[in-house]
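The structure under discussion appears below in the form of C-alpha cells.
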Amino acid sequence: ADLTRGVMADSAILTVGVVTRDMIGQTLELVRKAGTAVLTGIAPAAETTASIPLMTFTLLQKRLVGSLYGEANARADIPRLLRLYRNGQLKLDETVTTEYKLADINQGYRDMFDGKNIRGIITHNH
C-alpha cells in the first residue's frame with residue numbers, strides 16, 4: 001500500500017508451490033479496484049474452500065483467474081514449441097545463465113536466492 005500510495009497493484013500473481021485457503025484472499029487484497037489476481041499455484045485436491053470476502057468481487061470489481069502454462073493449450077503448444085526449438089527457431093539455450101550438476105543443486109539454489117543467476121538449470125547425467 002505504501003509503494004502505490006494506497007492504489008495497490010494492477011495485478012498480482014500467486015505462484016507458490018502449494019496454495020492455502022488464506023492466500024487467495026490475501027492476494028486479492030494486493031490488487032486495486034478492477035484489478036486481477038492470477039492463481040498459478042495448486043491447492044490440495046481435497047481443499048474446496050477459500051477465504052475470500054465476496055464483496056470484493058461486486059463492490060471493487062476485482063477478478064480472480066487461474067492460469068496453467070500461461071493459458072496455453074499444453075497439448076498443442078508444447079509440441080509446437082519443441083518443434084520450433086529443434087528446428088533452431090526458438091532460442092532457449094541462449095537464455096540459460098548457469099548450468100549446475102545434480103551434485104551442485106544446493107549451490108544452484110543459493111545462487112538463485114542470491115540473485116546470481118536468472119535461468120539456472122540442473123543437468124543430470126546418468
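To be explicit about the labels: the chains of the C-alpha cells are called A, B, and onward in the order shown, and within each one the residues are counted from 1, while ligands get numbers from 1 in the order they are shown.
Every protein or nucleic acid residue with an atom no more than 12 Å from Gln107 in chain A, counting only C-alpha atoms and leaving out same-chain residues fewer than 4 positions away, appears here: Thr98, Glu99, Tyr100, Lys101, Leu102, Ala103, Asp111, Met112, Phe113, Asp114, Lys116, Asn117, Gly120, Ile121 and Ile122 of chain A.
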TODO: May I have the residues within 6 Å of range 16-28 of chain A as a list in words, using only C-alpha atoms and disregarding those fewer than 3 positions away in the same chain?
DONE: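 Returned residues: Val31, Ala37, Gly41, Ile42, Ala43, Ala50, Ser51 and Ile52 of chain A.
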Open item on the list: What does the structure give for the distance between CA of Thr123 in chain A and CA of Leu82 in chain A, in Å to one decimal?
Closed with: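 One can read the CA of Thr123 in chain A to CA of Leu82 in chain A distance as 18.4 Å.
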Open item on the list: Please return, as a PyMOL selection string, all residues of range 5-71 of chain A that DSSP assigns to strand (DSSP E or B) on the basis of the backbone.
Closed with: chain A and resi 9-14+18+31-39+42+63-66
Output file for the selection above: C-alpha atoms, as a PDB file, in the first residue's frame:
```
ATOM      1  CA  ALA A   9      -1.244  -3.255  -7.887  1.00  0.00           C
ATOM      2  CA  ASP A  10      -2.942  -3.722 -11.247  1.00  0.00           C
ATOM      3  CA  SER A  11      -2.389  -7.446 -10.875  1.00  0.00           C
ATOM      4  CA  ALA A  12      -0.803  -9.956  -8.535  1.00  0.00           C
ATOM      5  CA  ILE A  13       0.304 -13.496  -9.299  1.00  0.00           C
ATOM      6  CA  LEU A  14       0.052 -16.181  -6.637  1.00  0.00           C
ATOM      7  CA  VAL A  18       1.004 -25.184  -2.534  1.00  0.00           C
ATOM      8  CA  VAL A  31      -4.793  -5.545  -6.224  1.00  0.00           C
ATOM      9  CA  ARG A  32      -6.597  -2.280  -6.899  1.00  0.00           C
ATOM     10  CA  LYS A  33     -10.227  -1.782  -7.808  1.00  0.00           C
ATOM     11  CA  ALA A  34     -10.880  -3.726 -11.040  1.00  0.00           C
ATOM     12  CA  GLY A  35      -7.515  -5.448 -10.559  1.00  0.00           C
ATOM     13  CA  THR A  36      -6.758  -9.078 -11.266  1.00  0.00           C
ATOM     14  CA  ALA A  37      -5.346 -11.780  -9.016  1.00  0.00           C
ATOM     15  CA  VAL A  38      -3.869 -14.667 -11.005  1.00  0.00           C
ATOM     16  CA  LEU A  39      -3.571 -18.076  -9.399  1.00  0.00           C
ATOM     17  CA  ILE A  42      -2.062 -25.563  -6.981  1.00  0.00           C
ATOM     18  CA  ARG A  63     -11.105 -10.623 -10.746  1.00  0.00           C
ATOM     19  CA  LEU A  64      -9.641 -13.961  -9.718  1.00  0.00           C
ATOM     20  CA  VAL A  65      -8.366 -16.071 -12.592  1.00  0.00           C
ATOM     21  CA  GLY A  66      -6.485 -19.315 -12.798  1.00  0.00           C
TER      22      GLY A  66
END
```
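Here CA of Asn125 in chain A and CA of Ala76 in chain A stand 29.1 Å from one another.
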Task: alpha helix (DSSP H) residues, from DSSP on the backbone, in range 17-119 of chain A, as a ChimeraX atom specification - done: /A:21-29,55-59,74-86,105-113
Would you put the residues from that selection into a file with N, CA and C atoms, as a tab-separated table (two decimals), in the first residue's frame?
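File out21.tsv, as written:
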```
chain	number	residue	atom	x	y	z
A	21	ARG	N	-5.98	-21.78	1.68
A	21	ARG	CA	-7.22	-21.01	1.55
A	21	ARG	C	-7.04	-19.53	1.87
A	22	ASP	N	-6.17	-19.18	2.80
A	22	ASP	CA	-5.98	-17.78	3.17
A	22	ASP	C	-5.21	-16.98	2.12
A	23	MET	N	-4.36	-17.64	1.37
A	23	MET	CA	-3.52	-16.95	0.39
A	23	MET	C	-4.32	-16.27	-0.71
A	24	ILE	N	-5.42	-16.86	-1.10
A	24	ILE	CA	-6.21	-16.30	-2.20
A	24	ILE	C	-6.79	-14.94	-1.80
A	25	GLY	N	-7.38	-14.87	-0.63
A	25	GLY	CA	-7.91	-13.59	-0.15
A	25	GLY	C	-6.82	-12.55	0.03
A	26	GLN	N	-5.67	-12.98	0.53
A	26	GLN	CA	-4.55	-12.06	0.72
A	26	GLN	C	-4.05	-11.53	-0.61
A	27	THR	N	-4.05	-12.36	-1.64
A	27	THR	CA	-3.62	-11.91	-2.97
A	27	THR	C	-4.62	-10.90	-3.53
A	28	LEU	N	-5.90	-11.14	-3.34
A	28	LEU	CA	-6.91	-10.19	-3.81
A	28	LEU	C	-6.76	-8.84	-3.12
A	29	GLU	N	-6.32	-8.83	-1.86
A	29	GLU	CA	-6.13	-7.57	-1.14
A	29	GLU	C	-5.00	-6.73	-1.74
A	55	MET	N	-17.69	-9.48	-1.17
A	55	MET	CA	-17.97	-8.12	-1.64
A	55	MET	C	-16.84	-7.58	-2.50
A	56	THR	N	-15.66	-8.20	-2.39
A	56	THR	CA	-14.53	-7.80	-3.22
A	56	THR	C	-14.88	-7.84	-4.70
A	57	PHE	N	-15.65	-8.83	-5.08
A	57	PHE	CA	-15.97	-9.00	-6.50
A	57	PHE	C	-17.00	-7.99	-6.97
A	58	THR	N	-18.00	-7.71	-6.18
A	58	THR	CA	-19.05	-6.80	-6.60
A	58	THR	C	-18.67	-5.34	-6.41
A	59	LEU	N	-18.30	-4.98	-5.19
A	59	LEU	CA	-18.03	-3.57	-4.91
A	59	LEU	C	-16.74	-3.07	-5.52
A	74	ALA	N	-1.63	-26.85	-23.65
A	74	ALA	CA	-0.43	-27.68	-23.47
A	74	ALA	C	-0.33	-28.78	-24.53
A	75	ARG	N	-1.43	-29.41	-24.88
A	75	ARG	CA	-1.41	-30.49	-25.88
A	75	ARG	C	-0.92	-30.01	-27.24
A	76	ALA	N	-1.27	-28.81	-27.61
A	76	ALA	CA	-0.87	-28.29	-28.91
A	76	ALA	C	0.39	-27.44	-28.83
A	77	ASP	N	0.48	-26.59	-27.82
A	77	ASP	CA	1.55	-25.60	-27.78
A	77	ASP	C	2.91	-26.17	-27.38
A	78	ILE	N	2.96	-27.10	-26.45
A	78	ILE	CA	4.26	-27.65	-26.03
A	78	ILE	C	4.91	-28.42	-27.17
A	79	PRO	N	4.21	-29.31	-27.88
A	79	PRO	CA	4.85	-29.95	-29.05
A	79	PRO	C	5.29	-28.94	-30.11
A	80	ARG	N	4.49	-27.87	-30.31
A	80	ARG	CA	4.87	-26.84	-31.28
A	80	ARG	C	6.14	-26.12	-30.84
A	81	LEU	N	6.24	-25.78	-29.54
A	81	LEU	CA	7.45	-25.13	-29.03
A	81	LEU	C	8.66	-26.04	-29.14
A	82	LEU	N	8.48	-27.32	-28.88
A	82	LEU	CA	9.59	-28.28	-29.02
A	82	LEU	C	10.05	-28.36	-30.48
A	83	ARG	N	9.10	-28.38	-31.41
A	83	ARG	CA	9.46	-28.39	-32.84
A	83	ARG	C	10.25	-27.15	-33.21
A	84	LEU	N	9.78	-25.99	-32.75
A	84	LEU	CA	10.49	-24.74	-33.04
A	84	LEU	C	11.90	-24.77	-32.47
A	85	TYR	N	12.05	-25.29	-31.26
A	85	TYR	CA	13.37	-25.39	-30.63
A	85	TYR	C	14.27	-26.32	-31.43
A	86	ARG	N	13.76	-27.48	-31.77
A	86	ARG	CA	14.57	-28.46	-32.52
A	86	ARG	C	14.97	-27.94	-33.90
A	105	ILE	N	23.29	-28.98	-6.71
A	105	ILE	CA	21.94	-28.41	-6.65
A	105	ILE	C	21.81	-27.37	-5.54
A	106	ASN	N	22.45	-27.61	-4.40
A	106	ASN	CA	22.36	-26.64	-3.30
A	106	ASN	C	23.00	-25.31	-3.67
A	107	GLN	N	24.10	-25.35	-4.39
A	107	GLN	CA	24.74	-24.12	-4.86
A	107	GLN	C	23.82	-23.40	-5.84
A	108	GLY	N	23.15	-24.16	-6.70
A	108	GLY	CA	22.20	-23.56	-7.64
A	108	GLY	C	21.09	-22.81	-6.93
A	109	TYR	N	20.56	-23.42	-5.87
A	109	TYR	CA	19.53	-22.73	-5.10
A	109	TYR	C	20.08	-21.50	-4.39
A	110	ARG	N	21.29	-21.61	-3.84
A	110	ARG	CA	21.90	-20.43	-3.18
A	110	ARG	C	22.07	-19.30	-4.18
A	111	ASP	N	22.59	-19.63	-5.37
A	111	ASP	CA	22.79	-18.60	-6.39
A	111	ASP	C	21.46	-17.98	-6.82
A	112	MET	N	20.43	-18.80	-6.92
A	112	MET	CA	19.12	-18.28	-7.32
A	112	MET	C	18.60	-17.31	-6.26
A	113	PHE	N	18.66	-17.71	-5.00
A	113	PHE	CA	18.17	-16.84	-3.93
A	113	PHE	C	19.02	-15.58	-3.77
```
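Closest approach to Thr4 in chain A among A:Leu30, A:Gly70, A:His124, A:Gln89 is made by A:Leu30 (distances from only C-alpha atoms).
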Open item on the list: Just the number, please: distance in Å from CA of Ala1 in chain A to CA of Leu68 in chain A, one decimal.
Closed with: 28.3 Å
Task: Minimum-distance residue to Thr95 in chain A, chosen among A:Ala46, A:Ile118, A:Met8, A:Leu54 (using only C-alpha atoms) - done: A:Ile118
